[in-house]
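Q: Structure supplied as my_file_34.cif; contents: mmCIF, C-alpha atoms.
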```cif
data_protein
loop_
_atom_site.label_atom_id
_atom_site.label_comp_id
_atom_site.auth_asym_id
_atom_site.auth_seq_id
_atom_site.Cartn_x
_atom_site.Cartn_y
_atom_site.Cartn_z
CA MET A 7 6.30 -7.46 -16.73
CA LEU A 8 2.90 -7.22 -18.42
CA LEU A 9 -0.37 -8.21 -16.82
CA ASP A 10 -2.89 -9.99 -19.05
CA PHE A 11 -5.18 -6.98 -19.41
CA GLU A 12 -2.21 -4.76 -20.33
CA LYS A 13 -1.14 -6.85 -23.36
CA PRO A 14 -3.48 -5.20 -25.94
CA ILE A 15 -2.08 -1.81 -24.93
CA ALA A 16 1.50 -3.09 -25.20
CA GLU A 17 0.81 -4.50 -28.67
CA LEU A 18 -0.42 -1.12 -29.93
CA GLU A 19 2.57 0.65 -28.35
CA ALA A 20 4.92 -1.81 -30.11
CA LYS A 21 3.16 -1.05 -33.42
CA LEU A 22 3.63 2.67 -32.77
CA ILE A 23 7.37 2.23 -32.22
CA ASP A 24 7.68 0.13 -35.40
CA MET A 25 5.75 2.73 -37.37
CA LYS A 26 8.02 5.55 -36.21
CA LEU A 27 11.17 3.54 -36.99
CA LEU A 28 9.91 2.58 -40.44
CA ALA A 29 9.05 6.18 -41.24
CA GLN A 30 12.47 7.35 -40.08
CA GLU A 31 14.35 4.71 -42.09
CA ASN A 32 12.38 5.37 -45.30
CA ASN A 33 11.98 9.12 -44.80
CA VAL A 34 8.19 8.86 -45.08
CA ASP A 35 5.70 11.21 -43.43
CA VAL A 36 3.28 9.15 -41.36
CA SER A 37 2.48 11.83 -38.77
CA SER A 38 -1.28 11.49 -39.26
CA ALA A 39 -1.15 7.71 -38.79
CA VAL A 40 1.08 8.13 -35.72
CA LYS A 41 -1.28 10.68 -34.21
CA SER A 42 -4.26 8.41 -34.86
CA LEU A 43 -2.55 5.42 -33.23
CA GLU A 44 -1.48 7.55 -30.24
CA GLU A 45 -5.09 8.62 -29.74
CA LYS A 46 -6.20 5.00 -29.99
CA ILE A 47 -3.67 3.97 -27.33
CA LYS A 48 -4.71 6.81 -25.05
CA THR A 49 -8.39 5.87 -25.38
CA LEU A 50 -7.69 2.17 -24.80
CA LYS A 51 -5.68 2.99 -21.66
CA LYS A 52 -8.49 5.10 -20.23
CA GLU A 53 -11.08 2.42 -20.98
CA THR A 54 -8.91 -0.36 -19.56
CA TYR A 55 -7.85 1.28 -16.30
CA SER A 56 -11.22 2.88 -15.56
CA ASN A 57 -13.00 -0.49 -15.81
CA LEU A 58 -10.66 -2.79 -13.91
CA THR A 59 -12.19 -5.71 -12.04
CA ARG A 60 -11.36 -6.18 -8.37
CA TRP A 61 -8.99 -9.02 -9.21
CA GLN A 62 -7.17 -6.86 -11.75
CA ARG A 63 -6.63 -4.20 -9.08
CA VAL A 64 -5.20 -6.91 -6.82
CA GLN A 65 -2.81 -7.80 -9.65
CA LEU A 66 -1.76 -4.15 -10.03
CA SER A 67 -1.13 -3.88 -6.27
CA ARG A 68 1.39 -6.73 -6.64
CA HIS A 69 3.13 -5.44 -9.76
CA PRO A 70 6.87 -6.18 -9.35
CA ASP A 71 7.78 -2.64 -10.39
CA ARG A 72 5.42 -1.02 -7.90
CA PRO A 73 7.16 1.29 -5.38
CA TYR A 74 7.69 -0.14 -1.90
CA THR A 75 8.05 1.61 1.45
CA LEU A 76 11.76 2.44 1.08
CA ASP A 77 11.12 3.83 -2.42
CA TYR A 78 8.53 6.24 -1.05
CA ILE A 79 10.71 7.18 1.93
CA ASN A 80 13.62 8.03 -0.36
CA ALA A 81 11.29 10.10 -2.55
CA ILE A 82 9.36 12.05 0.10
CA ALA A 83 11.83 12.42 2.98
CA ASP A 84 14.50 15.12 2.97
CA LYS A 85 16.35 13.10 5.63
CA PHE A 86 15.84 9.57 6.99
CA ILE A 87 17.53 7.68 9.80
CA GLU A 88 16.52 4.03 9.99
CA LEU A 89 16.15 2.55 13.48
CA HIS A 90 16.53 -1.16 14.16
CA GLY A 91 15.45 -3.93 16.50
CA ASP A 92 12.70 -4.65 19.03
CA ARG A 93 15.16 -4.77 21.97
CA SER A 94 14.09 -8.33 22.65
CA VAL A 95 14.62 -10.80 19.77
CA LYS A 96 16.13 -9.26 16.63
CA ASP A 97 15.68 -6.75 13.82
CA ASP A 98 12.85 -7.82 11.52
CA LYS A 99 13.76 -6.80 7.95
CA ALA A 100 10.13 -7.12 6.80
CA MET A 101 9.22 -4.12 8.99
CA ILE A 102 11.28 -0.96 8.68
CA GLY A 103 11.09 2.36 10.44
CA GLY A 104 12.91 5.49 11.40
CA LEU A 105 12.90 9.24 11.86
CA ALA A 106 12.42 11.39 8.77
CA GLN A 107 12.14 15.01 7.77
CA VAL A 108 9.17 15.63 5.47
CA GLY A 109 8.89 19.31 4.60
CA ASP A 110 8.87 21.24 7.88
CA HIS A 111 7.75 18.18 9.86
CA SER A 112 9.77 15.58 11.73
CA VAL A 113 7.92 12.27 11.44
CA MET A 114 8.35 8.64 12.41
CA ILE A 115 7.83 6.49 9.31
CA ILE A 116 7.10 2.78 9.74
CA GLY A 117 6.16 0.28 7.04
CA HIS A 118 6.31 -3.19 5.54
CA GLN A 119 9.14 -3.74 3.08
CA LYS A 120 9.20 -6.27 0.23
CA GLY A 121 12.13 -7.30 -1.96
CA ARG A 122 12.81 -6.88 -5.68
CA ASN A 123 14.75 -10.07 -6.35
CA THR A 124 15.00 -13.54 -4.81
CA LYS A 125 17.73 -12.60 -2.34
CA GLN A 126 15.91 -9.45 -1.21
CA ARG A 127 12.61 -11.30 -0.91
CA GLN A 128 14.21 -13.84 1.38
CA LEU A 129 15.78 -11.07 3.45
CA ARG A 130 12.48 -9.19 3.71
CA ASN A 131 10.45 -12.39 4.14
CA PHE A 132 8.14 -11.27 1.29
CA GLY A 133 6.93 -8.37 3.45
CA MET A 134 5.52 -10.72 6.11
CA ALA A 135 6.56 -9.48 9.54
CA ASN A 136 7.27 -11.65 12.57
CA PRO A 137 6.24 -10.65 16.12
CA GLU A 138 9.53 -8.79 16.58
CA GLY A 139 8.60 -6.65 13.56
CA TYR A 140 5.37 -5.50 15.20
CA ARG A 141 7.18 -5.00 18.51
CA LYS A 142 9.80 -2.89 16.73
CA ALA A 143 6.99 -0.86 15.16
CA LEU A 144 5.41 -0.29 18.58
CA ARG A 145 8.77 0.68 20.10
CA LEU A 146 9.20 3.32 17.41
CA MET A 147 5.64 4.56 17.87
CA LYS A 148 6.22 4.98 21.61
CA MET A 149 9.45 6.83 20.85
CA ALA A 150 7.58 9.14 18.49
CA GLU A 151 4.96 9.78 21.18
CA LYS A 152 7.68 10.58 23.73
CA PHE A 153 9.19 13.24 21.47
CA ASP A 154 5.81 14.48 20.15
CA VAL A 155 6.52 13.38 16.57
CA PRO A 156 3.67 12.42 14.18
CA ILE A 157 3.59 8.84 12.90
CA VAL A 158 3.19 7.71 9.27
CA THR A 159 2.76 4.04 8.40
CA PHE A 160 2.98 2.39 4.97
CA ILE A 161 1.03 -0.87 4.67
CA ASP A 162 2.06 -3.45 2.07
CA THR A 163 1.91 -7.07 3.20
CA PRO A 164 0.29 -10.36 2.16
CA GLY A 165 -0.17 -10.98 5.89
CA ALA A 166 1.79 -11.50 9.08
CA PHE A 167 4.23 -14.42 8.90
CA PRO A 168 2.23 -17.61 9.70
CA GLY A 169 5.18 -19.86 10.62
CA LEU A 170 5.39 -21.96 13.77
CA GLU A 171 8.25 -19.89 15.18
CA ALA A 172 6.18 -16.70 14.80
CA GLU A 173 3.30 -18.24 16.71
CA GLU A 174 5.70 -19.47 19.40
CA ARG A 175 6.98 -15.91 19.89
CA GLY A 176 3.45 -14.49 20.17
CA GLN A 177 2.35 -13.25 16.76
CA ALA A 178 -1.30 -12.72 17.76
CA GLU A 179 -0.37 -10.97 21.00
CA ALA A 180 2.08 -8.63 19.26
CA ILE A 181 -0.52 -7.55 16.68
CA ALA A 182 -3.27 -7.21 19.30
CA ARG A 183 -1.03 -5.06 21.51
CA ASN A 184 -0.20 -2.79 18.57
CA ILE A 185 -3.88 -2.31 17.78
CA LYS A 186 -4.66 -1.46 21.39
CA GLU A 187 -1.73 0.92 21.81
CA MET A 188 -2.31 2.72 18.51
CA PHE A 189 -5.79 3.72 19.64
CA LEU A 190 -4.21 5.61 22.55
CA LEU A 191 -1.24 7.29 20.87
CA LYS A 192 -1.19 11.01 21.68
CA VAL A 193 0.42 12.09 18.41
CA PRO A 194 -1.17 12.29 14.94
CA VAL A 195 -1.17 8.93 13.13
CA ILE A 196 -1.51 8.66 9.34
CA CYS A 197 -1.76 5.19 7.75
CA ILE A 198 -1.47 4.60 4.00
CA VAL A 199 -2.06 1.31 2.15
CA ILE A 200 0.49 1.39 -0.69
CA GLY A 201 0.05 -2.19 -1.97
CA GLU A 202 -1.44 -5.22 -0.26
CA GLY A 203 -3.33 -4.82 3.01
CA ALA A 204 -3.98 -8.33 4.24
CA SER A 205 -5.48 -9.37 7.55
CA GLY A 206 -3.96 -8.63 10.95
CA GLY A 207 -0.59 -8.26 9.27
CA ALA A 208 -1.85 -4.97 7.87
CA LEU A 209 -4.02 -3.99 10.82
CA GLY A 210 -1.04 -4.20 13.19
CA ILE A 211 0.17 -0.81 11.90
CA ALA A 212 -3.11 0.57 10.49
CA ILE A 213 -4.99 2.20 13.39
CA GLY A 214 -4.80 5.91 12.69
CA ASP A 215 -6.50 9.29 12.64
CA LYS A 216 -6.31 9.15 8.85
CA VAL A 217 -6.38 5.82 7.00
CA LEU A 218 -5.81 6.21 3.26
CA MET A 219 -5.41 3.88 0.29
CA LEU A 220 -3.67 4.32 -3.02
CA GLU A 221 -6.12 3.78 -5.88
CA ASN A 222 -4.85 0.36 -7.02
CA THR A 223 -4.47 -1.34 -3.65
CA TRP A 224 -6.56 -3.76 -1.62
CA TYR A 225 -7.42 -4.13 2.06
CA SER A 226 -9.16 -7.21 3.44
CA VAL A 227 -9.27 -9.80 6.18
CA ILE A 228 -8.01 -12.40 3.70
CA SER A 229 -6.46 -12.57 0.24
CA PRO A 230 -8.61 -13.70 -2.73
CA GLU A 231 -6.49 -16.85 -3.17
CA SER A 232 -6.83 -17.89 0.48
CA CYS A 233 -10.54 -17.13 0.45
CA SER A 234 -10.93 -19.25 -2.69
CA SER A 235 -8.98 -22.15 -1.18
CA ILE A 236 -11.19 -22.13 1.94
CA LEU A 237 -14.56 -21.81 0.18
CA TRP A 238 -13.88 -23.80 -2.99
CA ARG A 239 -10.84 -25.89 -2.00
CA SER A 240 -9.02 -24.39 -4.98
CA TRP A 241 -7.28 -21.15 -6.04
CA ASP A 242 -9.18 -21.25 -9.34
CA TYR A 243 -11.98 -19.07 -7.95
CA LYS A 244 -9.80 -16.19 -6.79
CA GLU A 245 -11.52 -13.74 -9.16
CA GLN A 246 -14.95 -14.57 -7.73
CA ALA A 247 -13.50 -14.32 -4.23
CA ALA A 248 -12.09 -10.86 -4.98
CA GLU A 249 -15.52 -9.69 -6.16
CA ALA A 250 -17.21 -11.08 -3.05
CA LEU A 251 -14.66 -9.60 -0.65
CA LYS A 252 -15.14 -6.03 -1.99
CA LEU A 253 -11.54 -5.22 -1.14
CA THR A 254 -10.63 -2.32 -3.43
CA ALA A 255 -10.00 1.26 -2.35
CA THR A 256 -13.37 2.30 -3.79
CA ASP A 257 -15.14 -0.44 -1.82
CA MET A 258 -13.33 0.44 1.40
CA HIS A 259 -14.09 4.15 1.05
CA LYS A 260 -17.73 3.49 0.23
CA ASN A 261 -18.07 1.32 3.34
CA LYS A 262 -16.27 3.96 5.46
CA MET A 263 -13.38 1.64 6.28
CA VAL A 264 -10.85 4.22 5.05
CA ASP A 265 -10.97 8.01 5.00
CA ASP A 266 -9.84 8.76 1.45
CA ILE A 267 -8.27 7.47 -1.76
CA ILE A 268 -5.00 8.76 -3.25
CA LYS A 269 -5.23 8.76 -7.04
CA GLU A 270 -2.55 6.97 -9.04
CA PRO A 271 -1.29 7.81 -12.55
CA LEU A 272 -2.97 5.98 -15.43
CA GLY A 273 -1.51 2.48 -15.40
CA GLY A 274 -0.58 2.37 -11.72
CA ALA A 275 1.93 3.86 -9.28
CA HIS A 276 4.86 2.12 -11.02
CA VAL A 277 4.24 4.12 -14.20
CA ASP A 278 5.14 7.38 -12.41
CA PRO A 279 6.65 6.65 -8.96
CA VAL A 280 7.88 10.23 -8.54
CA GLY A 281 4.45 11.71 -9.25
CA THR A 282 2.80 9.23 -6.88
CA ALA A 283 5.34 10.04 -4.15
CA LYS A 284 4.63 13.77 -4.54
CA LYS A 285 0.92 13.13 -3.96
CA ILE A 286 1.68 11.03 -0.88
CA ARG A 287 4.04 13.71 0.48
CA LYS A 288 1.35 16.38 0.05
CA VAL A 289 -1.28 14.20 1.76
CA ILE A 290 1.07 13.55 4.70
CA ILE A 291 1.92 17.23 5.19
CA ASP A 292 -1.72 18.36 4.82
CA SER A 293 -2.91 15.64 7.22
CA ILE A 294 -0.34 16.55 9.88
CA ASP A 295 -1.27 20.23 9.60
CA GLU A 296 -4.96 19.36 9.97
CA LEU A 297 -4.55 16.91 12.84
CA SER A 298 -2.14 19.16 14.75
CA LYS A 299 -4.96 21.65 15.28
CA LEU A 300 -6.70 19.11 17.55
CA SER A 301 -5.69 18.23 21.09
CA SER A 302 -4.41 14.71 21.77
CA GLU A 303 -7.62 13.97 23.71
CA GLU A 304 -9.76 15.00 20.71
CA ARG A 305 -7.72 12.90 18.30
CA ILE A 306 -7.91 9.81 20.51
CA ALA A 307 -11.67 10.23 21.01
CA GLN A 308 -12.27 10.62 17.26
CA ARG A 309 -9.99 7.65 16.49
CA ILE A 310 -11.88 5.37 18.88
CA GLU A 311 -15.26 6.61 17.64
CA LYS A 312 -14.30 6.05 13.98
CA PHE A 313 -13.15 2.47 14.41
CA GLY A 314 -15.90 1.69 16.92
CA ALA A 315 -18.54 2.61 14.33
CA MET A 316 -17.21 0.12 11.77
CA GLY A 317 -19.42 -2.89 11.28
CA VAL A 318 -22.31 -1.42 13.26
CA PHE A 319 -25.70 -1.68 11.57
CA VAL A 320 -29.32 -0.93 12.41
CA GLU A 321 -32.07 -3.39 11.49
#
```
Let's see the structure in the file written out as structure tokens.
A:
Amino acid sequence: MLLDFEKPIAELEAKLIDMKLLAQENNVDVSSAVKSLEEKIKTLKKETYSNLTRWQRVQLSRHPDRPYTLDYINAIADKFIELHGDRSVKDDKAMIGGLAQVGDHSVMIIGHQKGRNTKQRQLRNFGMANPEGYRKALRLMKMAEKFDVPIVTFIDTPGAFPGLEAEERGQAEAIARNIKEMFLLKVPVICIVIGEGASGGALGIAIGDKVLMLENTWYSVISPESCSSILWRSWDYKEQAAEALKLTATDMHKNKMVDDIIKEPLGGAHVDPVGTAKKIRKVIIDSIDELSKLSSEERIAQRIEKFGAMGVFVE
């Protein structure tokens, strides 16, 4: 799938392929022309991806080929045992979690999971967790705390499921309880936004000692489309809404809402999933090593202080 702003690049790449085939079929030396076109493509890519608008970054975060939580788990974990259920209602397939071995560290990995095709998307509910998903996440966090295992969360959701049945089972309470309990967890907590980070659906597993974002992701109280529909009664102003929301990784880091940005390969994480996973693995290991030097009391105090300072201003 090509996004609108990627089409000029794709056209040049198609021309390059045609040029190479033509040269091969006619036994003609066009190496200088090929080299020139390759340089042109490289330059265009750099210009395009270094000057993306906020809306274009939102589009990249939703790219259908972008790695999801299970993709990263399979790439970074030497071993992984998935754990199921909230011990109350059922197993929410939009929220996954389990014990993993990452390098020398045992960790509890929890994250939103989307689907690749129609059947998977229905199974995973488009990455929108129900209350039982957040309760499962909290159960696994408490298990990790019991066995002194660091926690890693992967955030990628368009929001918590807004259906009537979710509200009946206590969606708001489940998310609020997670937020409260995550502040007080005694083990290191590392949270990484790997795609979409929308509203309380994201925040329900995003209170950590380290909160990081991949370069082409977004994190906001509301999606650009929903913001546009509320303010302008139409989705047609989603680009303006994205600009106003200042929801990119750069915006979030500048406003001290996240601790750092993980760089992606040129073109997005889907261009080189293995390389992106290696960066994430290194960040996780380095963060655990750093946070393990602090006592649980110090980590909790710093966690509360960090989030308590957000939104505070002096006139």
Q: Using all atoms listed in the file, can you tell me which of A:Leu58, A:Ile23, A:Ala180, A:Met188 comes closest to Arg305 (chain A)?
A: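 Among A:Leu58, A:Ile23, A:Ala180, A:Met188, it is A:Met188 that comes nearest to Arg305 (chain A).
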Q: Could you list the residues chosen by the PyMOL selection byres ((chain A and resi 255) around 10) in this structure as JSON, numbers by chain?
A: {"A": [60, 63, 199, 218, 219, 220, 221, 222, 223, 224, 225, 252, 253, 254, 256, 257, 258, 259, 260, 261, 263, 264, 266, 267, 268]}
Q: Nearest to Gln65 (chain A) among A:Asp77, A:Asp242, A:Glu12, A:Glu174, with distances taken over only C-alpha atoms: which residue is it?
A: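 Ranking A:Asp77, A:Asp242, A:Glu12, A:Glu174 by distance to Gln65 (chain A), first place goes to A:Glu12.
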Q: Grab the CA of Pro70 (chain A) to CA of Asn123 (chain A) distance for me, in Å with one decimal place.
A: 9.3 Å
Q: For this file, the PyMOL selection byres ((chain A and resi 142-159) around 8) selects which residues, as number ranges by chain?
A: A: 90-93, 97-98, 101-104, 112-117, 138-141, 160-161, 184, 187, 191-198, 211-212, 290, 294
Q: Record the distance separating CA of Gln246 (chain A) and CA of Arg122 (chain A), expressed in Å with one decimal.
A: 28.9 Å
Q: Just the number, please: distance in Å from CA of Leu251 (chain A) to CA of Phe132 (chain A), one decimal.
A: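 A separation of 22.9 Å between them.
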Q: Which is closer to Lys262 (chain A) than all the others in A:Ala39, A:Gly314, A:His69, A:Leu300, using only C-alpha atoms?
A: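 That would be A:Gly314, the residue with the smallest distance to Lys262 (chain A).
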Q: Translate the PyMOL selection byres ((chain A and resi 68) around 12), as applied to the file shown, into an explicit residue set as a short mmCIF file (atom, residue, chain, number, x, y, z; two decimals) with C-alpha atoms, keeping the file's coordinate frame.
A:
```cif
data_model
loop_
_atom_site.label_atom_id
_atom_site.label_comp_id
_atom_site.auth_asym_id
_atom_site.auth_seq_id
_atom_site.Cartn_x
_atom_site.Cartn_y
_atom_site.Cartn_z
CA MET A 7 6.30 -7.46 -16.73
CA LEU A 8 2.90 -7.22 -18.42
CA LEU A 9 -0.37 -8.21 -16.82
CA TRP A 61 -8.99 -9.02 -9.21
CA GLN A 62 -7.17 -6.86 -11.75
CA ARG A 63 -6.63 -4.20 -9.08
CA VAL A 64 -5.20 -6.91 -6.82
CA GLN A 65 -2.81 -7.80 -9.65
CA LEU A 66 -1.76 -4.15 -10.03
CA SER A 67 -1.13 -3.88 -6.27
CA HIS A 69 3.13 -5.44 -9.76
CA PRO A 70 6.87 -6.18 -9.35
CA ASP A 71 7.78 -2.64 -10.39
CA ARG A 72 5.42 -1.02 -7.90
CA PRO A 73 7.16 1.29 -5.38
CA TYR A 74 7.69 -0.14 -1.90
CA LYS A 120 9.20 -6.27 0.23
CA GLY A 121 12.13 -7.30 -1.96
CA ARG A 122 12.81 -6.88 -5.68
CA PHE A 132 8.14 -11.27 1.29
CA GLY A 133 6.93 -8.37 3.45
CA ASP A 162 2.06 -3.45 2.07
CA THR A 163 1.91 -7.07 3.20
CA PRO A 164 0.29 -10.36 2.16
CA ILE A 200 0.49 1.39 -0.69
CA GLY A 201 0.05 -2.19 -1.97
CA GLU A 202 -1.44 -5.22 -0.26
CA GLY A 203 -3.33 -4.82 3.01
CA ASN A 222 -4.85 0.36 -7.02
CA THR A 223 -4.47 -1.34 -3.65
CA TRP A 224 -6.56 -3.76 -1.62
CA SER A 229 -6.46 -12.57 0.24
CA GLY A 274 -0.58 2.37 -11.72
CA ALA A 275 1.93 3.86 -9.28
CA HIS A 276 4.86 2.12 -11.02
#
```
Q: Which is closer to Ala16 (chain A) than all the others in A:Ile47, A:Ile310, A:Leu28, A:Val277, using only C-alpha atoms?
A: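 Looking at the shortest contact to Ala16 (chain A), the residue is A:Ile47.
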Q: Near Leu190 (chain A), within 9 Å and counting all atoms listed in the file, which residues show up once chain neighbours fewer than 5 positions away are dropped, as a ChimeraX atom specification?
A: /A:306-307,309-310
Q: Would you put the residues from that selection into a file with C-alpha atoms, as an mmCIF file, in the coordinates of the input?
A:
```cif
data_model
loop_
_atom_site.group_PDB
_atom_site.id
_atom_site.type_symbol
_atom_site.label_atom_id
_atom_site.label_comp_id
_atom_site.auth_asym_id
_atom_site.auth_seq_id
_atom_site.Cartn_x
_atom_site.Cartn_y
_atom_site.Cartn_z
ATOM 1 C CA ILE A 306 -7.910 9.810 20.510
ATOM 2 C CA ALA A 307 -11.670 10.230 21.010
ATOM 3 C CA ARG A 309 -9.990 7.650 16.490
ATOM 4 C CA ILE A 310 -11.880 5.370 18.880
#
```
Q: Of the candidates A:Lys46, A:Lys125, A:Asp110, A:Gly214, which shows the shortest atom-to-atom distance to Glu311 (chain A), using all atoms listed in the file?
A: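 Among the listed residues, A:Gly214 lies closest to Glu311 (chain A).
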Q: Could you tell me which of A:Ala172, A:Asp215, A:Gly165, A:Asp265 comes closest to Glu296 (chain A) if we count only C-alpha atoms?
A: A:Asp215
Q: Would you list the contacts of region 279-287 of chain A as a list in words, taking every protein, DNA or RNA residue within 7 Å and counting all atoms listed in the file, but skipping same-chain residues closer than 6 positions in sequence?
A: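 Once the adjacent positions are removed, what remains is Pro73, Tyr78, Ala81, Ile82 and Glu270 of chain A.
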Q: Output region 221-229 of chain A with all heavy atoms present, as an mmCIF file, in the frame of the given file.
A:
```cif
data_model
loop_
_atom_site.group_PDB
_atom_site.id
_atom_site.type_symbol
_atom_site.label_atom_id
_atom_site.label_comp_id
_atom_site.auth_asym_id
_atom_site.auth_seq_id
_atom_site.Cartn_x
_atom_site.Cartn_y
_atom_site.Cartn_z
ATOM 1 N N GLU A 221 -4.992 4.197 -5.042
ATOM 2 C CA GLU A 221 -6.120 3.780 -5.880
ATOM 3 C C GLU A 221 -6.105 2.297 -6.238
ATOM 4 O O GLU A 221 -7.138 1.636 -6.201
ATOM 5 C CB GLU A 221 -6.107 4.625 -7.161
ATOM 6 C CG GLU A 221 -7.279 4.372 -8.080
ATOM 7 C CD GLU A 221 -7.216 5.231 -9.333
ATOM 8 O OE1 GLU A 221 -6.208 5.940 -9.529
ATOM 9 O OE2 GLU A 221 -8.177 5.178 -10.127
ATOM 10 N N ASN A 222 -4.936 1.761 -6.585
ATOM 11 C CA ASN A 222 -4.850 0.360 -7.020
ATOM 12 C C ASN A 222 -4.263 -0.528 -5.927
ATOM 13 O O ASN A 222 -3.269 -1.227 -6.120
ATOM 14 C CB ASN A 222 -4.008 0.267 -8.299
ATOM 15 C CG ASN A 222 -4.658 0.973 -9.459
ATOM 16 O OD1 ASN A 222 -5.822 0.713 -9.787
ATOM 17 N ND2 ASN A 222 -3.942 1.891 -10.075
ATOM 18 N N THR A 223 -4.885 -0.490 -4.766
ATOM 19 C CA THR A 223 -4.470 -1.340 -3.650
ATOM 20 C C THR A 223 -5.678 -2.101 -3.129
ATOM 21 O O THR A 223 -6.811 -1.837 -3.545
ATOM 22 C CB THR A 223 -3.863 -0.504 -2.507
ATOM 23 O OG1 THR A 223 -4.853 0.403 -2.001
ATOM 24 C CG2 THR A 223 -2.666 0.282 -2.985
ATOM 25 N N TRP A 224 -5.448 -3.035 -2.221
ATOM 26 C CA TRP A 224 -6.560 -3.760 -1.620
ATOM 27 C C TRP A 224 -6.336 -3.924 -0.126
ATOM 28 O O TRP A 224 -5.214 -3.909 0.353
ATOM 29 C CB TRP A 224 -6.785 -5.117 -2.294
ATOM 30 C CG TRP A 224 -5.666 -6.110 -2.150
ATOM 31 C CD1 TRP A 224 -4.553 -6.220 -2.939
ATOM 32 C CD2 TRP A 224 -5.552 -7.153 -1.172
ATOM 33 N NE1 TRP A 224 -3.759 -7.258 -2.516
ATOM 34 C CE2 TRP A 224 -4.342 -7.848 -1.436
ATOM 35 C CE3 TRP A 224 -6.350 -7.572 -0.106
ATOM 36 C CZ2 TRP A 224 -3.914 -8.931 -0.666
ATOM 37 C CZ3 TRP A 224 -5.926 -8.648 0.659
ATOM 38 C CH2 TRP A 224 -4.723 -9.320 0.376
ATOM 39 N N TYR A 225 -7.450 -4.072 0.602
ATOM 40 C CA TYR A 225 -7.420 -4.130 2.060
ATOM 41 C C TYR A 225 -8.527 -5.080 2.500
ATOM 42 O O TYR A 225 -9.697 -4.828 2.244
ATOM 43 C CB TYR A 225 -7.655 -2.715 2.601
ATOM 44 C CG TYR A 225 -7.351 -2.473 4.058
ATOM 45 C CD1 TYR A 225 -6.551 -3.331 4.803
ATOM 46 C CD2 TYR A 225 -7.854 -1.337 4.689
ATOM 47 C CE1 TYR A 225 -6.267 -3.077 6.125
ATOM 48 C CE2 TYR A 225 -7.577 -1.062 6.018
ATOM 49 C CZ TYR A 225 -6.781 -1.935 6.737
ATOM 50 O OH TYR A 225 -6.501 -1.678 8.051
ATOM 51 N N SER A 226 -8.152 -6.197 3.124
ATOM 52 C CA SER A 226 -9.160 -7.210 3.440
ATOM 53 C C SER A 226 -8.665 -8.133 4.542
ATOM 54 O O SER A 226 -7.463 -8.224 4.813
ATOM 55 C CB SER A 226 -9.497 -8.027 2.194
ATOM 56 O OG SER A 226 -10.398 -9.071 2.494
ATOM 57 N N VAL A 227 -9.599 -8.839 5.131
ATOM 58 C CA VAL A 227 -9.270 -9.800 6.180
ATOM 59 C C VAL A 227 -8.533 -11.012 5.630
ATOM 60 O O VAL A 227 -7.858 -11.741 6.363
ATOM 61 C CB VAL A 227 -10.552 -10.235 6.924
ATOM 62 C CG1 VAL A 227 -11.422 -11.118 6.034
ATOM 63 C CG2 VAL A 227 -10.230 -10.958 8.230
ATOM 64 N N ILE A 228 -8.635 -11.228 4.311
ATOM 65 C CA ILE A 228 -8.010 -12.400 3.700
ATOM 66 C C ILE A 228 -7.755 -12.118 2.223
ATOM 67 O O ILE A 228 -8.456 -11.308 1.603
ATOM 68 C CB ILE A 228 -8.934 -13.645 3.862
ATOM 69 C CG1 ILE A 228 -8.200 -14.948 3.548
ATOM 70 C CG2 ILE A 228 -10.199 -13.504 3.003
ATOM 71 C CD1 ILE A 228 -8.993 -16.193 3.937
ATOM 72 N N SER A 229 -6.756 -12.757 1.663
ATOM 73 C CA SER A 229 -6.460 -12.570 0.240
ATOM 74 C C SER A 229 -7.472 -13.351 -0.606
ATOM 75 O O SER A 229 -8.064 -14.329 -0.128
ATOM 76 C CB SER A 229 -5.049 -13.067 -0.080
ATOM 77 O OG SER A 229 -5.001 -14.478 0.000
#
```
